[in-house]
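Asker: For reference, the structure I am asking about is given below.
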Amino acid sequence: MAPTTLPSAALPFVQQLRIHLAGDIAMPRRPAYAAVIHDDATVCWLDAKNDRMMTTAPAPIALTLLQKLLAEEHPALSLAPVSQELFEQRAIVSSNLPLRPSLWNIGLAATRLDRLMPPLQMDAKLRLRRWPDFRILAHRPDHFRLCALLIKQGASVQACCEILDIPQRAAQSFFNAAFLTAYAFPVMGEDAPVRPSPTDGLVNLWRQLRIRWSA
Amino acid sequence: MTVREHKIVVMGPLGAGKSTLVQTLTQGKAVVTEARNTDPSVGKEYTTVAMDYGDIDLPGGDRLRLYGSPGQERFSYIWPILLAGAEGAIVLVDGSKCVNATLAGQHLQAIAEHAPTLPVVIGITKCGRADDPVLPHWQAWLGVHAPHLPALPLDPRDMNQAITAMDLLMSQIECNAMATADE
């Protein structure tokens, strides 16, 4: 049986999750533990304090389910914050995963080309609260560039694509992942300057060198 | 054709891995200035007393010059000299040290004073595997000393990790240049 949900359950799941993840920084007295519920059953348990996600089914099954549901306009998911005591009593674990990297990957994979993850609209501008955990970014140079831009200013998907010359899908999936994990927050009225970096500058020479080294 | 030179500085306290990082990126061709270490708190026989230097040939004939600073505070007068004209810096922090004992804050302070707009990446060394998270006490330290800088676990002996740190620095340089152009 799923734990009883608290009043924040009235919010859409993505917002509930963002509040929960931001809680360990901005609102340290909020419960760090929660259950993710679908169809009255617990899909996984979240421990934001220790950055753990414990799935009740084997990880590939639970992650695929979350990814599928989060790609829908109104995900049939809810979040139930629980006390540490209840968490320790009832958390049944099949797989133990790092929380934010797992959610990040779900956010990346839940991308649909025609829209961002609700409630984000396609013209939404996001800004990063802080640099994401490098377990997430280690092998994604495009994400480094998006982070470096969005830590400085808010920008939309379209602005990111124009400034950094990256595919729309890459920017969209980054937006979904950064929003879902609460690393990014929406901003209003900040327009990014659209200016490509100089082709003969150090950055482009370094990238050419990288291509040469990897050939 | 004008050959241009680009300068990156590697900073950080004694024993954090600066010389190693410069050697790794230049594939062992860096020039080092080492003398016998007289600081018993650091478990290394030799240490850099002036600077490390290595360069990398860039496409089009440009050169990327890498400078490793001496880590000890008594050589801090060299830090602004090395920072002059730099396009970016990697600051290494020895993650095996007690967080209260690290002198990495001095290096960040020197950058803040002498090159406040310089793009910077922080590498936490000696702290486990690259896919391990940055430890909570170091995250807290970073939150105080470098809240808006990217920090990654880094083994300076590993070329792939060294390149990742450089990729990250290049992203910082790129977006700094855009922001500067917009002002």
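Residues are referred to by chain and number: the chain letter is A, B, ... according to the order shown in the structure tokens, the number counts from 1 in that chain, and ligands are numbered separately from 1 in the order shown.
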Hey, list the chain B side of the contact with chain A: 10 Å cut-off, only C-alpha atoms, answer as a PyMOL selection string.

Answerer: chain B and resi 4-7+56-64+87+119+130-134+136+143+147-153+160-161+163-179+181-183

Asker: Just write the chosen residues, N, CA and C atoms, as a short mmCIF file (atom, residue, chain, number, x, y, z; two decimals), in the first residue's frame.

Answerer:
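Result file follows (part32.cif):
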data_model
loop_
_atom_site.label_atom_id
_atom_site.label_comp_id
_atom_site.auth_asym_id
_atom_site.auth_seq_id
_atom_site.Cartn_x
_atom_site.Cartn_y
_atom_site.Cartn_z
N ARG B 4 49.27 33.03 -32.61
CA ARG B 4 48.83 33.56 -31.33
C ARG B 4 49.10 32.57 -30.20
N GLU B 5 49.26 33.14 -29.04
CA GLU B 5 49.52 32.30 -27.87
C GLU B 5 48.35 32.42 -26.91
N HIS B 6 47.94 31.31 -26.37
CA HIS B 6 46.84 31.28 -25.42
C HIS B 6 47.37 30.69 -24.12
N LYS B 7 46.94 31.27 -23.02
CA LYS B 7 47.53 30.90 -21.73
C LYS B 7 46.47 30.39 -20.75
N ILE B 56 51.04 23.14 -26.02
CA ILE B 56 50.32 22.24 -26.92
C ILE B 56 50.14 22.98 -28.25
N ASP B 57 50.45 22.32 -29.35
CA ASP B 57 50.23 22.91 -30.67
C ASP B 57 48.75 22.89 -30.99
N LEU B 58 48.22 24.05 -31.33
CA LEU B 58 46.82 24.14 -31.72
C LEU B 58 46.71 24.20 -33.24
N PRO B 59 45.56 23.85 -33.80
CA PRO B 59 45.38 23.96 -35.26
C PRO B 59 45.63 25.40 -35.71
N GLY B 60 46.22 25.56 -36.89
CA GLY B 60 46.49 26.89 -37.42
C GLY B 60 47.78 27.49 -36.91
N GLY B 61 48.53 26.76 -36.11
CA GLY B 61 49.83 27.24 -35.66
C GLY B 61 49.82 27.95 -34.31
N ASP B 62 48.63 28.19 -33.76
CA ASP B 62 48.58 28.82 -32.44
C ASP B 62 49.15 27.86 -31.39
N ARG B 63 49.48 28.42 -30.23
CA ARG B 63 50.02 27.59 -29.14
C ARG B 63 49.21 27.80 -27.88
N LEU B 64 48.95 26.71 -27.21
CA LEU B 64 48.31 26.78 -25.89
C LEU B 64 49.39 26.57 -24.86
N GLU B 87 43.70 33.11 -20.15
CA GLU B 87 42.32 33.02 -20.64
C GLU B 87 41.46 32.13 -19.75
N PRO B 119 37.59 32.86 -16.34
CA PRO B 119 36.87 31.58 -16.23
C PRO B 119 37.70 30.57 -15.42
N ALA B 130 36.23 9.05 -10.72
CA ALA B 130 35.66 10.23 -11.39
C ALA B 130 34.14 10.22 -11.35
N ASP B 131 33.53 9.03 -11.23
CA ASP B 131 32.07 9.01 -11.20
C ASP B 131 31.51 9.03 -9.78
N ASP B 132 32.40 9.19 -8.80
CA ASP B 132 31.93 9.40 -7.43
C ASP B 132 31.46 10.85 -7.29
N PRO B 133 30.48 11.07 -6.43
CA PRO B 133 30.07 12.47 -6.20
C PRO B 133 31.14 13.22 -5.42
N VAL B 134 31.14 14.55 -5.58
CA VAL B 134 31.99 15.37 -4.72
C VAL B 134 31.47 15.21 -3.30
N PRO B 136 30.25 15.51 0.54
CA PRO B 136 29.43 16.60 1.11
C PRO B 136 30.24 17.71 1.76
N GLY B 143 30.44 25.62 -1.71
CA GLY B 143 29.31 26.53 -1.56
C GLY B 143 29.73 27.86 -0.96
N PRO B 147 30.71 29.31 -5.12
CA PRO B 147 29.36 28.81 -5.35
C PRO B 147 28.95 28.73 -6.82
N HIS B 148 29.54 29.56 -7.67
CA HIS B 148 29.11 29.56 -9.07
C HIS B 148 30.15 28.95 -10.01
N LEU B 149 31.12 28.26 -9.43
CA LEU B 149 32.14 27.64 -10.28
C LEU B 149 31.88 26.14 -10.39
N PRO B 150 32.14 25.57 -11.56
CA PRO B 150 31.99 24.12 -11.68
C PRO B 150 33.14 23.40 -10.99
N ALA B 151 32.81 22.31 -10.31
CA ALA B 151 33.85 21.51 -9.65
C ALA B 151 33.65 20.06 -10.02
N LEU B 152 34.74 19.41 -10.37
CA LEU B 152 34.63 18.00 -10.74
C LEU B 152 35.72 17.18 -10.06
N PRO B 153 35.41 15.94 -9.72
CA PRO B 153 36.47 15.06 -9.24
C PRO B 153 37.46 14.83 -10.38
N ASN B 160 42.00 11.39 -20.08
CA ASN B 160 40.58 11.64 -20.39
C ASN B 160 39.96 12.62 -19.39
N GLN B 161 40.33 12.44 -18.12
CA GLN B 161 39.78 13.34 -17.10
C GLN B 161 40.38 14.74 -17.25
N ILE B 163 41.30 16.09 -20.04
CA ILE B 163 40.63 16.69 -21.20
C ILE B 163 39.22 17.15 -20.81
N THR B 164 38.55 16.35 -19.98
CA THR B 164 37.21 16.76 -19.53
C THR B 164 37.27 18.09 -18.78
N ALA B 165 38.29 18.23 -17.92
CA ALA B 165 38.45 19.50 -17.19
C ALA B 165 38.69 20.65 -18.17
N MET B 166 39.49 20.39 -19.21
CA MET B 166 39.73 21.43 -20.21
C MET B 166 38.47 21.74 -21.02
N ASP B 167 37.70 20.71 -21.36
CA ASP B 167 36.43 20.94 -22.06
C ASP B 167 35.52 21.85 -21.24
N LEU B 168 35.49 21.56 -19.96
CA LEU B 168 34.65 22.35 -19.06
C LEU B 168 35.14 23.79 -19.00
N LEU B 169 36.46 23.95 -18.93
CA LEU B 169 37.02 25.29 -18.90
C LEU B 169 36.71 26.04 -20.20
N MET B 170 36.79 25.33 -21.32
CA MET B 170 36.50 25.97 -22.61
C MET B 170 35.04 26.44 -22.66
N SER B 171 34.14 25.68 -22.07
CA SER B 171 32.73 26.10 -22.03
C SER B 171 32.59 27.38 -21.22
N GLN B 172 33.35 27.45 -20.14
CA GLN B 172 33.33 28.66 -19.32
C GLN B 172 33.88 29.85 -20.11
N ILE B 173 34.99 29.61 -20.80
CA ILE B 173 35.61 30.69 -21.58
C ILE B 173 34.64 31.17 -22.66
N GLU B 174 34.02 30.22 -23.33
CA GLU B 174 33.09 30.55 -24.42
C GLU B 174 31.95 31.45 -23.91
N CYS B 175 31.33 31.04 -22.82
CA CYS B 175 30.18 31.79 -22.33
C CYS B 175 30.59 33.09 -21.66
N ASN B 176 31.78 33.14 -21.08
CA ASN B 176 32.30 34.41 -20.55
C ASN B 176 32.50 35.41 -21.68
N ALA B 177 33.04 34.91 -22.79
CA ALA B 177 33.30 35.80 -23.93
C ALA B 177 31.99 36.36 -24.46
N MET B 178 30.95 35.53 -24.49
CA MET B 178 29.64 36.01 -24.95
C MET B 178 29.09 37.07 -24.02
N ALA B 179 29.21 36.82 -22.73
CA ALA B 179 28.69 37.77 -21.75
C ALA B 179 29.45 39.09 -21.85
N ALA B 181 30.98 40.27 -24.48
CA ALA B 181 30.63 40.93 -25.73
C ALA B 181 29.30 41.67 -25.63
N ASP B 182 28.43 41.13 -24.75
CA ASP B 182 27.09 41.70 -24.62
C ASP B 182 27.08 42.96 -23.75
N GLU B 183 28.13 43.17 -22.95
CA GLU B 183 28.12 44.29 -22.00
C GLU B 183 28.39 45.62 -22.70
#

Asker: Please provide as a ChimeraX atom specification all residues within 6 Å of stretch 155-158 of chain A, with the sequence filter that same-chain residues fewer than 6 positions apart are discarded (counting only C-alpha atoms).

Answerer: /A:123-126,171,192

Asker: Which residue gives the smallest distance to B:Gln139 among B:Leu118, B:Leu154, B:Val99, B:Thr33, with only C-alpha atoms counted?

Answerer: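 Of B:Leu118, B:Leu154, B:Val99, B:Thr33, the one nearest B:Gln139 is B:Val99, counting only C-alpha atoms.
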
Asker: Please compute the atom CA of A:Phe185-atom CA of B:Ile111 distance, one decimal, in Å.

Answerer: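 Separating atom CA of A:Phe185 from atom CA of B:Ile111 is a distance of 29.0 Å.
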
Asker: Taking 3 positions as the minimum chain separation for residues in the same chain, which residues sit within 6 Å of B:Gly54 when counting only C-alpha atoms? Answer as an MDAnalysis selection string.

Answerer: chainID B and resid 26 30 66

Asker: Could you write out, as a ChimeraX atom specification, all the residues of stretch 14-102 of chain A that DSSP marks as strand (DSSP E or B)?

Answerer: /A:33-38,41-47,52-55,78-82,95-98

Asker: Using Å and a single decimal, report how far atom CA of A:Ala32 sits from atom CA of A:Val82.

Answerer: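 Calculated distance between atom CA of A:Val82 and atom CA of A:Ala32 is 7.9 Å.
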
Asker: Which residues are near A:Val43? Cut-off 7 Å, only C-alpha atoms, ignore same chain within fewer than 4 positions. Put them as a list in words.

Answerer: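 Returned residues: Val36, Ile37, His38, Thr55, Thr56 and Ala62 of chain A.
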
Asker: Save out the residues we just selected, N, CA and C atoms, as a PDB file, in the first residue's frame.

Answerer:
ATOM      1  N   VAL A  36       7.269   7.706  -4.483  1.00  0.00           N
ATOM      2  CA  VAL A  36       6.660   8.042  -5.774  1.00  0.00           C
ATOM      3  C   VAL A  36       5.602   6.989  -6.055  1.00  0.00           C
ATOM      4  N   ILE A  37       4.385   7.452  -6.279  1.00  0.00           N
ATOM      5  CA  ILE A  37       3.244   6.531  -6.354  1.00  0.00           C
ATOM      6  C   ILE A  37       2.589   6.578  -7.724  1.00  0.00           C
ATOM      7  N   HIS A  38       2.260   5.389  -8.239  1.00  0.00           N
ATOM      8  CA  HIS A  38       1.520   5.258  -9.495  1.00  0.00           C
ATOM      9  C   HIS A  38       0.480   4.162  -9.298  1.00  0.00           C
ATOM     10  N   THR A  55      14.246   1.722  -5.978  1.00  0.00           N
ATOM     11  CA  THR A  55      13.095   1.255  -6.759  1.00  0.00           C
ATOM     12  C   THR A  55      12.533  -0.013  -6.133  1.00  0.00           C
ATOM     13  N   THR A  56      11.210  -0.168  -6.233  1.00  0.00           N
ATOM     14  CA  THR A  56      10.572  -1.356  -5.648  1.00  0.00           C
ATOM     15  C   THR A  56      10.593  -2.535  -6.622  1.00  0.00           C
ATOM     16  N   ALA A  62      11.417  -0.041 -13.333  1.00  0.00           N
ATOM     17  CA  ALA A  62      10.926   1.171 -12.667  1.00  0.00           C
ATOM     18  C   ALA A  62      11.316   2.429 -13.443  1.00  0.00           C
TER      19      ALA A  62
END

Asker: Here is a test: counting only C-alpha atoms, which residue of B:Lys29, B:Lys97, B:Arg65, B:Lys18 is nearest to B:Trp138?

Answerer: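 The answer is B:Lys97, which sits nearest to B:Trp138.
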
Asker: Just list the residues in stretch 8-177 of chain B DSSP gives helix (DSSP H, G or I) on the backbone, as an MDAnalysis selection string.

Answerer: chainID B and resid 18:25 59:61 73:75 78:83 104:114 136:145 159:177

Asker: Check the smallest atom-to-atom distance from each of B:Gly71, B:Ile81, B:Thr47, B:Ala89 to B:Val10 using only C-alpha atoms, then report the winner.

Answerer: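 Result for the nearest residue to B:Val10: B:Ala89.
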
Asker: Rank A:Leu17, A:Met53, A:Arg127, A:Ala76 by their smallest atom-to-atom distance to A:Ala41, using only C-alpha atoms, and report the top residue only.

Answerer: A:Ala76
